[in-house]
>>> print(open('query02.txt').read())   # compact mmCIF, C-alpha atoms
# COMPACT_ATOMS: atom_id res chain seq x y z
CA MET A 1 -89.01 43.56 -63.06
CA SER A 2 -88.67 44.50 -59.46
CA LEU A 3 -85.33 45.28 -58.06
CA THR A 4 -84.86 44.30 -54.47
CA ASN A 5 -81.90 45.20 -52.39
CA PRO A 6 -80.63 42.11 -50.55
CA VAL A 7 -79.54 43.60 -47.30
CA ALA A 8 -80.12 40.84 -44.80
CA TYR A 9 -81.14 37.86 -46.84
CA ASP A 10 -80.05 36.40 -50.14
CA SER A 11 -81.48 33.12 -51.28
CA LYS A 12 -78.44 32.60 -53.53
CA VAL A 13 -76.14 32.60 -50.54
CA GLU A 14 -78.34 30.39 -48.42
CA GLY A 15 -76.82 26.98 -47.89
CA ASN A 16 -73.31 28.14 -48.72
CA VAL A 17 -72.60 29.97 -45.51
CA ILE A 18 -72.30 28.46 -42.09
CA PHE A 19 -71.71 30.16 -38.83
CA THR A 20 -69.33 28.44 -36.44
CA ARG A 21 -66.50 29.07 -34.04
CA VAL A 22 -62.99 29.19 -35.48
CA ASP A 23 -61.90 26.59 -32.94
CA ALA A 24 -64.62 24.20 -34.06
CA ALA A 25 -63.73 24.70 -37.72
CA ILE A 26 -60.02 24.17 -37.06
CA ASN A 27 -60.71 21.09 -34.94
CA TRP A 28 -62.97 19.66 -37.64
CA MET A 29 -60.25 20.13 -40.24
CA ARG A 30 -57.50 18.79 -38.02
CA GLY A 31 -59.50 15.80 -36.86
CA ASN A 32 -60.42 14.71 -40.36
CA SER A 33 -56.99 14.99 -41.91
CA LEU A 34 -54.75 13.29 -39.40
CA TRP A 35 -51.57 12.27 -41.15
CA PRO A 36 -50.05 9.38 -39.23
CA MET A 37 -46.39 8.75 -38.58
CA PRO A 38 -46.37 4.94 -38.67
CA MET A 39 -43.94 3.92 -35.95
CA GLY A 40 -44.21 0.23 -36.78
CA LEU A 41 -41.93 -1.72 -34.46
CA ALA A 42 -43.44 -5.20 -34.25
CA CYS A 43 -46.46 -7.29 -35.24
CA CYS A 44 -48.89 -4.43 -34.50
CA ALA A 45 -47.45 -2.79 -37.60
CA ILE A 46 -48.94 -5.58 -39.70
CA GLU A 47 -52.39 -4.71 -38.36
CA LEU A 48 -51.60 -1.06 -38.99
CA MET A 49 -50.85 -1.92 -42.62
CA ALA A 50 -54.08 -3.91 -42.81
CA ALA A 51 -55.98 -0.93 -41.44
CA SER A 52 -54.59 1.27 -44.17
CA SER A 53 -55.34 -1.08 -47.04
CA SER A 54 -58.59 -1.62 -48.88
CA ARG A 55 -60.51 -3.95 -46.59
CA PHE A 56 -60.47 -1.68 -43.54
CA ASP A 57 -59.55 1.52 -45.38
CA ILE A 58 -58.36 4.04 -42.83
CA SER A 59 -58.81 6.73 -45.47
CA ARG A 60 -62.52 6.77 -44.64
CA PHE A 61 -61.41 8.67 -41.55
CA GLY A 62 -58.96 10.93 -43.32
CA ALA A 63 -55.85 9.26 -41.93
CA GLU A 64 -54.60 7.41 -44.98
CA VAL A 65 -51.64 9.67 -45.70
CA MET A 66 -48.92 7.71 -43.92
CA ARG A 67 -46.00 10.08 -43.80
CA PHE A 68 -42.65 8.48 -43.34
CA SER A 69 -41.24 11.84 -42.38
CA PRO A 70 -42.05 13.15 -38.91
CA ARG A 71 -42.04 16.71 -40.22
CA GLN A 72 -45.23 16.12 -42.18
CA SER A 73 -47.10 14.09 -39.58
CA ASP A 74 -49.82 14.89 -37.08
CA VAL A 75 -50.26 11.68 -35.14
CA MET A 76 -47.65 9.11 -34.23
CA ILE A 77 -49.03 5.59 -34.11
CA VAL A 78 -46.59 3.62 -31.96
CA ALA A 79 -47.35 0.09 -33.14
CA GLY A 80 -45.23 -2.50 -31.42
CA THR A 81 -42.67 -3.32 -28.78
CA VAL A 82 -40.48 -0.38 -27.86
CA THR A 83 -37.11 -1.70 -26.74
CA TYR A 84 -34.80 0.47 -24.70
CA LYS A 85 -32.45 0.48 -27.66
CA MET A 86 -35.22 1.99 -29.82
CA ALA A 87 -36.74 4.25 -27.17
CA TYR A 88 -34.69 7.38 -27.72
CA ALA A 89 -35.06 6.99 -31.50
CA VAL A 90 -38.85 7.08 -31.09
CA LYS A 91 -38.50 10.11 -28.84
CA ARG A 92 -36.26 11.83 -31.37
CA ILE A 93 -38.78 11.28 -34.15
CA TRP A 94 -41.59 12.51 -31.88
CA ASP A 95 -39.61 15.65 -31.12
CA GLN A 96 -39.30 16.39 -34.85
CA MET A 97 -43.05 16.33 -35.40
CA PRO A 98 -44.58 19.81 -35.60
CA GLU A 99 -47.29 20.91 -33.18
CA PRO A 100 -50.14 20.17 -32.87
CA LYS A 101 -49.35 16.48 -32.57
CA TRP A 102 -50.96 13.46 -31.00
CA CYS A 103 -49.88 9.97 -30.12
CA ILE A 104 -51.70 6.66 -30.29
CA ALA A 105 -50.16 3.76 -28.34
CA MET A 106 -51.31 0.79 -30.38
CA GLY A 107 -51.36 -2.55 -28.62
CA ALA A 108 -50.26 -3.93 -25.28
CA CYS A 109 -46.52 -3.46 -25.82
CA ALA A 110 -46.62 0.20 -26.72
CA SER A 111 -49.11 0.87 -23.91
CA SER A 112 -47.45 -1.00 -21.07
CA GLY A 113 -44.65 -3.23 -22.28
CA GLY A 114 -47.18 -5.98 -22.80
CA MET A 115 -45.97 -9.46 -22.17
CA TYR A 116 -42.36 -8.30 -22.23
CA ARG A 117 -41.59 -7.81 -18.56
CA SER A 118 -38.01 -7.78 -19.65
CA TYR A 119 -34.68 -6.08 -19.12
CA ALA A 120 -34.74 -4.96 -22.72
CA VAL A 121 -38.23 -3.49 -23.20
CA LEU A 122 -39.53 -0.06 -22.26
CA GLN A 123 -42.62 -0.56 -20.10
CA GLY A 124 -44.92 1.69 -22.10
CA ILE A 125 -44.09 4.49 -24.53
CA ASP A 126 -45.84 6.92 -22.14
CA ASN A 127 -42.62 6.85 -20.12
CA LEU A 128 -41.11 9.02 -22.84
CA ILE A 129 -43.82 10.78 -24.84
CA PRO A 130 -47.39 11.84 -23.98
CA VAL A 131 -50.01 9.39 -25.24
CA ASP A 132 -53.54 10.46 -26.18
CA VAL A 133 -55.18 7.12 -26.95
CA TYR A 134 -54.25 3.65 -25.77
CA ILE A 135 -55.52 0.69 -27.80
CA SER A 136 -55.70 -2.69 -26.10
CA GLY A 137 -55.02 -5.93 -27.92
CA CYS A 138 -52.08 -8.12 -28.85
CA PRO A 139 -52.15 -7.11 -31.61
CA PRO A 140 -55.37 -5.06 -31.88
CA ARG A 141 -57.64 -5.72 -34.83
CA PRO A 142 -57.71 -3.00 -37.48
CA GLU A 143 -61.21 -2.13 -36.25
CA ALA A 144 -59.71 -1.38 -32.84
CA LEU A 145 -57.23 0.99 -34.45
CA LEU A 146 -60.06 2.69 -36.33
CA ASP A 147 -61.96 3.00 -33.04
CA GLY A 148 -58.88 4.52 -31.41
CA LEU A 149 -58.56 6.95 -34.30
CA MET A 150 -62.22 7.99 -33.93
CA ARG A 151 -61.73 8.48 -30.20
CA LEU A 152 -58.73 10.69 -30.98
CA GLN A 153 -60.93 12.64 -33.39
CA HIS A 154 -63.50 13.11 -30.62
CA LYS A 155 -60.72 14.32 -28.36
CA ILE A 156 -59.51 16.79 -30.98
CA MET A 157 -63.07 18.11 -31.39
CA GLY A 158 -63.03 19.14 -27.75
CA GLU A 159 -59.83 21.17 -27.92
CA HIS A 160 -59.69 24.96 -27.64
CA ALA A 161 -56.55 25.66 -29.62
CA LEU A 162 -57.30 29.26 -30.54
CA ALA A 163 -58.69 30.19 -27.15
CA ASP A 164 -55.65 28.70 -25.47
CA GLN A 165 -53.34 30.55 -27.85
CA LYS A 166 -55.15 33.79 -27.13
CA LYS A 167 -54.77 33.19 -23.41
CA ALA A 168 -51.08 32.35 -23.81
CA LEU A 169 -50.58 35.46 -25.93
CA ALA A 170 -52.31 37.63 -23.35
CA GLU A 171 -50.08 36.18 -20.65
CA THR A 172 -46.90 37.00 -22.58
CA LEU A 173 -47.96 40.57 -23.24
CA MET B 1 -15.40 -42.18 -44.52
CA SER B 2 -14.82 -43.53 -41.04
CA ASP B 3 -16.51 -42.27 -37.91
CA PRO B 4 -15.55 -38.60 -37.28
CA VAL B 5 -15.31 -39.12 -33.53
CA SER B 6 -12.75 -41.91 -33.84
CA ARG B 7 -10.80 -39.91 -36.40
CA LEU B 8 -10.78 -36.92 -34.04
CA LYS B 9 -9.64 -39.11 -31.15
CA GLU B 10 -6.93 -40.55 -33.34
CA LYS B 11 -5.72 -37.11 -34.38
CA PHE B 12 -6.09 -35.36 -30.98
CA PRO B 13 -5.65 -38.10 -28.36
CA ASN B 14 -4.82 -35.73 -25.50
CA ASP B 15 -7.19 -32.88 -26.29
CA ILE B 16 -10.55 -34.62 -26.28
CA LEU B 17 -11.63 -34.92 -22.67
CA SER B 18 -14.91 -36.78 -22.95
CA THR B 19 -17.44 -38.08 -25.45
CA VAL B 20 -21.15 -38.13 -24.72
CA GLU B 21 -23.72 -39.88 -26.86
CA PHE B 22 -27.30 -38.93 -26.10
CA ARG B 23 -30.24 -39.77 -28.34
CA GLY B 24 -28.11 -39.79 -31.43
CA GLU B 25 -26.32 -36.54 -30.59
CA THR B 26 -22.57 -36.58 -30.13
CA THR B 27 -20.94 -34.09 -27.80
CA LEU B 28 -17.20 -33.78 -27.40
CA SER B 29 -15.58 -31.88 -24.56
CA VAL B 30 -12.28 -30.52 -25.75
CA LYS B 31 -9.45 -28.46 -24.33
CA LEU B 32 -9.80 -24.75 -25.01
CA GLU B 33 -6.19 -24.42 -26.26
CA SER B 34 -6.77 -26.85 -29.10
CA LEU B 35 -10.31 -25.80 -29.91
CA VAL B 36 -9.40 -23.90 -33.08
CA GLU B 37 -7.17 -26.72 -34.33
CA ILE B 38 -9.95 -29.25 -33.73
CA CYS B 39 -12.45 -27.01 -35.50
CA ARG B 40 -10.05 -26.61 -38.43
CA PHE B 41 -9.62 -30.40 -38.64
CA CYS B 42 -13.41 -30.84 -38.49
CA ARG B 43 -13.92 -28.39 -41.30
CA ASP B 44 -11.08 -29.41 -43.62
CA GLU B 45 -10.80 -33.15 -43.05
CA LEU B 46 -14.20 -34.23 -41.73
CA GLY B 47 -16.33 -32.02 -43.93
CA PHE B 48 -18.13 -29.98 -41.25
CA ASP B 49 -18.70 -27.08 -43.62
CA TYR B 50 -21.55 -25.48 -41.68
CA LEU B 51 -21.33 -23.89 -38.24
CA VAL B 52 -24.93 -24.01 -37.07
CA ASP B 53 -24.61 -22.12 -33.82
CA ILE B 54 -22.29 -20.89 -31.11
CA SER B 55 -23.69 -20.61 -27.64
CA SER B 56 -22.38 -20.44 -24.11
CA ILE B 57 -23.32 -21.83 -20.74
CA ASP B 58 -23.06 -20.13 -17.36
CA HIS B 59 -22.39 -22.76 -14.68
CA PHE B 60 -22.99 -20.16 -11.98
CA GLY B 61 -21.73 -21.27 -8.59
CA SER B 62 -19.17 -23.79 -9.80
CA TYR B 63 -15.73 -23.58 -11.36
CA PRO B 64 -15.11 -23.21 -14.27
CA ARG B 65 -18.07 -20.98 -14.70
CA PHE B 66 -18.30 -20.47 -18.46
CA GLU B 67 -18.43 -23.01 -21.25
CA MET B 68 -18.53 -22.54 -25.00
CA VAL B 69 -20.69 -24.75 -27.21
CA TYR B 70 -20.18 -25.16 -30.97
CA GLU B 71 -22.72 -26.95 -33.12
CA LEU B 72 -21.22 -28.23 -36.36
CA CYS B 73 -22.95 -29.84 -39.32
CA VAL B 74 -22.07 -31.58 -42.59
CA LEU B 75 -24.58 -30.04 -44.94
CA SER B 76 -24.49 -32.81 -47.57
CA ALA B 77 -24.89 -35.63 -45.03
CA GLY B 78 -26.88 -33.88 -42.29
CA ARG B 79 -24.37 -35.12 -39.70
CA HIS B 80 -24.07 -33.08 -36.52
CA LEU B 81 -21.31 -32.71 -33.97
CA ARG B 82 -21.25 -30.63 -30.80
CA LEU B 83 -18.01 -29.34 -29.32
CA LYS B 84 -17.78 -27.98 -25.80
CA ALA B 85 -14.90 -26.20 -24.12
CA LEU B 86 -14.63 -24.86 -20.58
CA LEU B 87 -13.11 -21.41 -20.07
CA PRO B 88 -10.55 -21.26 -17.27
CA ASP B 89 -10.99 -17.58 -16.40
CA ASP B 90 -14.20 -16.73 -14.51
CA VAL B 91 -13.59 -12.99 -14.20
CA ASN B 92 -12.43 -12.17 -17.73
CA PRO B 93 -13.53 -15.15 -19.82
CA VAL B 94 -11.78 -15.28 -23.18
CA ALA B 95 -12.27 -17.83 -25.95
CA PRO B 96 -10.45 -18.12 -29.28
CA SER B 97 -12.38 -16.86 -32.28
CA VAL B 98 -13.32 -19.20 -35.12
CA VAL B 99 -14.27 -16.41 -37.54
CA SER B 100 -11.27 -17.36 -39.68
CA LEU B 101 -12.81 -20.82 -40.17
CA TRP B 102 -16.51 -20.00 -40.56
CA PRO B 103 -17.39 -16.36 -41.35
CA THR B 104 -20.81 -16.90 -39.77
CA ALA B 105 -19.10 -17.11 -36.40
CA ASP B 106 -18.76 -13.32 -36.51
CA TRP B 107 -22.30 -12.54 -35.39
CA HIS B 108 -22.62 -15.65 -33.21
CA GLU B 109 -19.57 -14.59 -31.24
CA ARG B 110 -20.82 -11.04 -31.01
CA GLU B 111 -24.04 -12.37 -29.52
CA VAL B 112 -22.16 -14.49 -26.99
CA TYR B 113 -20.05 -11.48 -26.09
CA ASP B 114 -23.14 -9.28 -25.72
CA MET B 115 -25.26 -11.68 -23.71
CA MET B 116 -22.63 -13.56 -21.68
CA GLY B 117 -19.63 -11.27 -21.61
CA ILE B 118 -17.15 -13.74 -23.10
CA ARG B 119 -14.53 -12.01 -25.19
CA PHE B 120 -13.11 -13.57 -28.34
CA ASP B 121 -9.44 -13.53 -29.17
CA GLY B 122 -8.94 -12.65 -32.83
CA HIS B 123 -12.47 -11.48 -33.56
CA PRO B 124 -12.36 -8.77 -36.26
CA ASP B 125 -15.20 -6.61 -34.91
CA LEU B 126 -16.21 -7.48 -31.36
CA ARG B 127 -19.11 -5.15 -30.64
CA ARG B 128 -22.44 -5.72 -28.96
CA ILE B 129 -25.08 -6.99 -31.34
CA LEU B 130 -28.39 -6.85 -29.44
CA MET B 131 -27.94 -4.42 -26.57
CA TRP B 132 -26.59 -0.93 -27.20
CA GLU B 133 -22.98 0.23 -26.94
CA GLY B 134 -22.26 1.21 -23.37
CA TYR B 135 -24.77 -1.09 -21.69
CA PRO B 136 -22.84 -2.26 -18.64
CA TYR B 137 -24.31 -5.74 -18.10
CA HIS B 138 -24.51 -9.12 -19.80
CA PRO B 139 -28.14 -10.21 -19.46
CA LEU B 140 -27.86 -13.97 -19.95
CA ARG B 141 -25.55 -14.44 -16.98
CA LYS B 142 -27.21 -16.28 -14.14
CA ASP B 143 -26.55 -13.48 -11.65
CA PHE B 144 -28.42 -10.98 -13.83
CA PRO B 145 -31.99 -10.53 -12.53
CA LEU B 146 -34.89 -11.33 -14.83
CA ALA B 147 -36.33 -7.85 -14.33
CA GLY B 148 -33.14 -6.16 -15.47
CA LYS B 149 -31.03 -3.44 -13.89
CA PRO B 150 -31.08 0.33 -14.20
CA SER B 151 -28.57 1.86 -16.57
CA GLU B 152 -28.10 5.12 -18.40
CA VAL B 153 -26.02 6.02 -21.43
CA PRO B 154 -26.79 9.68 -22.16
CA ASN B 155 -28.52 10.20 -25.53
CA VAL B 156 -28.17 6.52 -26.40
CA ALA B 157 -30.44 4.49 -24.16
CA PHE B 158 -31.52 3.91 -20.61
CA SER B 159 -33.04 0.92 -18.87
CA GLU B 160 -35.05 0.32 -15.73
CA PRO B 161 -36.09 -2.85 -13.90
CA ALA B 162 -39.37 -4.20 -15.20
CA PRO B 163 -42.23 -4.71 -12.74
CA LEU B 164 -42.55 -8.48 -12.66
CA ALA B 165 -45.29 -8.55 -9.99
CA GLY B 166 -45.09 -12.29 -9.52
CA GLY B 167 -45.70 -13.26 -13.10
CA PRO B 168 -46.20 -14.29 -15.83
CA PHE B 169 -42.56 -15.30 -16.18
CA VAL B 170 -41.73 -15.88 -12.53
CA THR B 171 -41.98 -19.59 -11.93
CA VAL B 172 -42.27 -21.04 -8.46
CA PRO B 173 -40.88 -24.50 -7.75
CA THR B 174 -43.70 -26.78 -6.76
CA ASP B 175 -44.67 -30.39 -7.06
CA GLY B 176 -48.16 -29.53 -8.20
CA THR B 177 -49.72 -29.96 -11.59
CA THR B 178 -49.59 -27.44 -14.39
CA GLN B 179 -52.65 -25.74 -12.90
CA VAL B 180 -50.62 -24.84 -9.83
CA ARG B 181 -47.49 -23.93 -11.70
CA GLU B 182 -49.38 -21.75 -14.16
CA PRO B 183 -48.38 -18.23 -13.08
CA ARG B 184 -51.71 -16.78 -14.10
CA ALA B 185 -53.40 -19.06 -11.56
CA ARG B 186 -52.20 -16.84 -8.72
CA ARG B 187 -52.20 -13.17 -7.93
CA ALA B 188 -49.04 -11.14 -7.83
CA GLY B 189 -46.79 -12.24 -4.99
CA ASP B 190 -48.89 -15.22 -3.97
CA LEU B 191 -47.23 -18.52 -3.36
CA PRO B 192 -49.18 -21.34 -4.93
CA PRO B 193 -51.20 -23.51 -2.55
CA ARG B 194 -49.44 -26.85 -2.50
CA GLU B 195 -52.41 -29.04 -1.66
CA LYS B 196 -54.80 -27.51 -4.14
CA PHE B 197 -55.18 -29.18 -7.53
CA LEU B 198 -52.56 -31.80 -6.80
CA THR B 199 -54.49 -34.26 -8.91
CA GLU B 200 -56.00 -33.46 -12.23
CA PRO B 201 -59.79 -33.11 -11.85
>>> encode(input="query02.txt", output="C-alpha cells")
Amino acid sequence: MSLTNPVAYDSKVEGNVIFTRVDAAINWMRGNSLWPMPMGLACCAIELMAASSSRFDISRFGAEVMRFSPRQSDVMIVAGTVTYKMAYAVKRIWDQMPEPKWCIAMGACASSGGMYRSYAVLQGIDNLIPVDVYISGCPPRPEALLDGLMRLQHKIMGEHALADQKKALAETL
Amino acid sequence: MSDPVSRLKEKFPNDILSTVEFRGETTLSVKLESLVEICRFCRDELGFDYLVDISSIDHFGSYPRFEMVYELCVLSAGRHLRLKALLPDDVNPVAPSVVSLWPTADWHEREVYDMMGIRFDGHPDLRRILMWEGYPYHPLRKDFPLAGKPSEVPNVAFSEPAPLAGGPFVTVPTDGTTQVREPRARRAGDLPPREKFLTEP
C-alpha cells in the first residue's frame, strides 16, 4: 500500500470543483432564479398566466416563483395597459423591490401605450421606470415572453455587479 | 295595460315636450324640473323597474349645451323607454339625481359627472369614478382634445397629451371609400388623396 501525498491533484476532487469569476457565478445564480413581480394590468396578464402554467412552463427558466409582494421579487413584468391612474401605483411597487431588479415591458401597451393614444393611458412604462426588455405583440404569445426572459438572462450574464461595487466602494473611500 | 306614452302624456300634459318614434324606439323629451316625478311615475305606475343606462350629450356650439338621457326598461316585458332632458345651465350644469328611485343610478351618475362634468343634485356620493380625484378636466366634452391635456396631482397621478401622429384614431372627412378613410392607409400627417381609390377596384 503506497501512500501518496495529494498536493496538487486529487482524483476524488476532480469534477466537483470549478474555477470561475465571482461575478459570473453570481450572474448565473441571479439569471436562473428570477422571481417575477406579475404586474398584470390587462389582457397581457392572461398570456403571462399561460406562460407560467404547464403548457409553456416558465419554471424551465427558473422564473416560476411569482411573488405577489414586491419585496421578494427580482423582475417586474409589466403586462398590460398602464393608465395614468395606475402609473404611480406601478412606480410605488417598483420602488419597493430590492436591488438588483429588472423590468420587462410585456406587450405593446406597456412598451409604448400601444393602440391607446388616449388621454388616460401612459405612453409606455419607460416614462416612469427603467425597462430592460421590451416584448412586442398585442398580446405577445407566451413563447415571446419566454424569449424576453431569456434575453434578460443573457443581459444579466453580462453584468459586472461585483466589479462595479468594488469601483463604487473605492470611489467612496 | 295601456300604452305608457299615452299614460305619461295624460299624467304630465305640460311636461312632455316631444315624442319621437324611430325604429321601434320611443324617446320622450321632458322638462328637467319634472324629470324625477316622471321617472317615479314610470317606475311605480308603468313598471319600468330597470334603469339600463344614464348618459349625457354635449351639443357643443348650441344652447342648451348639455342633455341627459335615461334608458328605462320593463324587465318582465322587455319594453324600453328613453327619456331626455336638456340642462339650462351651460357653465355649471346640474341635473336632479334619480338614485332614490334606482340605486344603480349611483355609478351611472358618477360616470356622467366624471366624463361630462354634470353635477347631480341629491347624489349621496358624487365622486369621480374613472379618472382620479383632482383631475381637472371632463374628457367626454367636445372641447376636450382627443390627445388629452397635461395635468399633475402630486403623488396621485399625472397626464400628458398622447402623440396621435395622424392616426389611427384621427379620422379625416372625405368622400372616398373605406380604403381612403382607413387611417393606416396614410402616413402621419398626410391628408388622404381624394381622387385615389374613389371606386372599389
>>> axis_aligned_box(input="query02.txt", around="region 47-62 of chain A", padding_each_side="5 Å", output="lines of an AutoDock Vina configuration file")
center_x = -56.7
center_y = 3.1
center_z = -43.6
size_x = 21.7
size_y = 25.6
size_z = 20.5
>>> residues_near_point(input="query02.txt", point="(-35.1, 2.2, -31.8)", cutoff="12 Å", atoms="all atoms listed in the file", output="MDAnalysis selection string")
(chainID A and resid 39:42 78 80:93 120:122 125) or (chainID B and resid 130:132 156:158)
>>> residues_around(input="query02.txt", residues="Val99 (chain B)", least_positions_apart="4", cutoff="8 Å", atoms="all atoms listed in the file", output="list in words")
Pro103, Thr104, Ala105, Asp106, His123 and Pro124 of chain B
>>> closest_atom_pairs(input="query02.txt", of="chain B", to="chain A", cutoff="8 Å", atoms="only C-alpha atoms", output="Markdown table")
| residue | atom | partner | partner_atom | distance |
| --- | --- | --- | --- | --- |
| B:Met131 | CA | A:Lys85 | CA | 6.7 |
| B:Trp132 | CA | A:Lys85 | CA | 6.0 |
| B:Pro139 | CA | A:Tyr119 | CA | 7.7 |
| B:Leu146 | CA | A:Ser118 | CA | 6.8 |
| B:Ala147 | CA | A:Tyr119 | CA | 5.4 |
| B:Gly148 | CA | A:Tyr119 | CA | 4.0 |
| B:Lys149 | CA | A:Tyr119 | CA | 6.9 |
| B:Asn155 | CA | A:Tyr88 | CA | 7.1 |
| B:Val156 | CA | A:Tyr88 | CA | 6.7 |
| B:Ala157 | CA | A:Lys85 | CA | 5.7 |
| B:Phe158 | CA | A:Tyr84 | CA | 6.3 |
| B:Ser159 | CA | A:Tyr84 | CA | 6.1 |
| B:Glu160 | CA | A:Tyr119 | CA | 7.3 |
| B:Pro161 | CA | A:Tyr119 | CA | 6.3 |
| B:Ala162 | CA | A:Arg117 | CA | 5.4 |
| B:Pro163 | CA | A:Arg117 | CA | 6.6 |
| B:Leu164 | CA | A:Arg117 | CA | 6.0 |
| B:Pro168 | CA | A:Met115 | CA | 8.0 |
| B:Phe169 | CA | A:Arg117 | CA | 7.9 |
>>> residues_around(input="query02.txt", residues="Arg119 (chain B)", least_positions_apart="5", cutoff="7 Å", atoms="all atoms listed in the file", output="PyMOL selection string")
chain B and resi 93-95+113
>>> atom_distance(input="query02.txt", atom1="CA of Pro36 (chain A)", atom2="CA of Phe68 (chain A)")
8.5 Å
>>> residues_around(input="query02.txt", residues="Val112 (chain B)", least_positions_apart="3", cutoff="10 Å", atoms="all atoms listed in the file", output="MDAnalysis selection string")
chainID B and resid 54:57 68 107:109 115:120 128:129 138 140
>>> closest_residue(input="query02.txt", among="B:Leu8, B:Leu86, B:Leu75, B:Leu46", to="Lys31 (chain B)", atoms="only C-alpha atoms")
B:Leu86
>>> residues_around(input="query02.txt", residues="Gly124 (chain A)", least_positions_apart="5", cutoff="9 Å", atoms="all atoms listed in the file", output="list in words")
Thr81, Val82, Ala105, Ala108, Cys109, Ala110, Ser111, Ser112, Gly113 and Gly114 of chain A
>>> closest_residue(input="query02.txt", among="B:Asp53, B:Glu45, B:Asp58, B:Asp3", to="Leu83 (chain B)", atoms="all atoms listed in the file")
B:Asp53
>>> residues_around(input="query02.txt", residues="Arg21 (chain A)", least_positions_apart="5", cutoff="10 Å", atoms="all atoms listed in the file", output="number ranges by chain")
A: 26-27, 162
>>> write_last_selection(input="query02.txt", atoms="C-alpha atoms", output="PDB file, in the frame of the given file")
ATOM      1  CA  ILE A  26     -60.020  24.170 -37.060  1.00  0.00           C
ATOM      2  CA  ASN A  27     -60.710  21.090 -34.940  1.00  0.00           C
ATOM      3  CA  LEU A 162     -57.300  29.260 -30.540  1.00  0.00           C
TER       4      LEU A 162
END
>>> atom_distance(input="query02.txt", atom1="CA of Ala79 (chain A)", atom2="CA of Cys44 (chain A)")
5.0 Å
>>> atom_distance(input="query02.txt", atom1="CA of Lys84 (chain B)", atom2="CA of Asn14 (chain B)")
15.1 Å
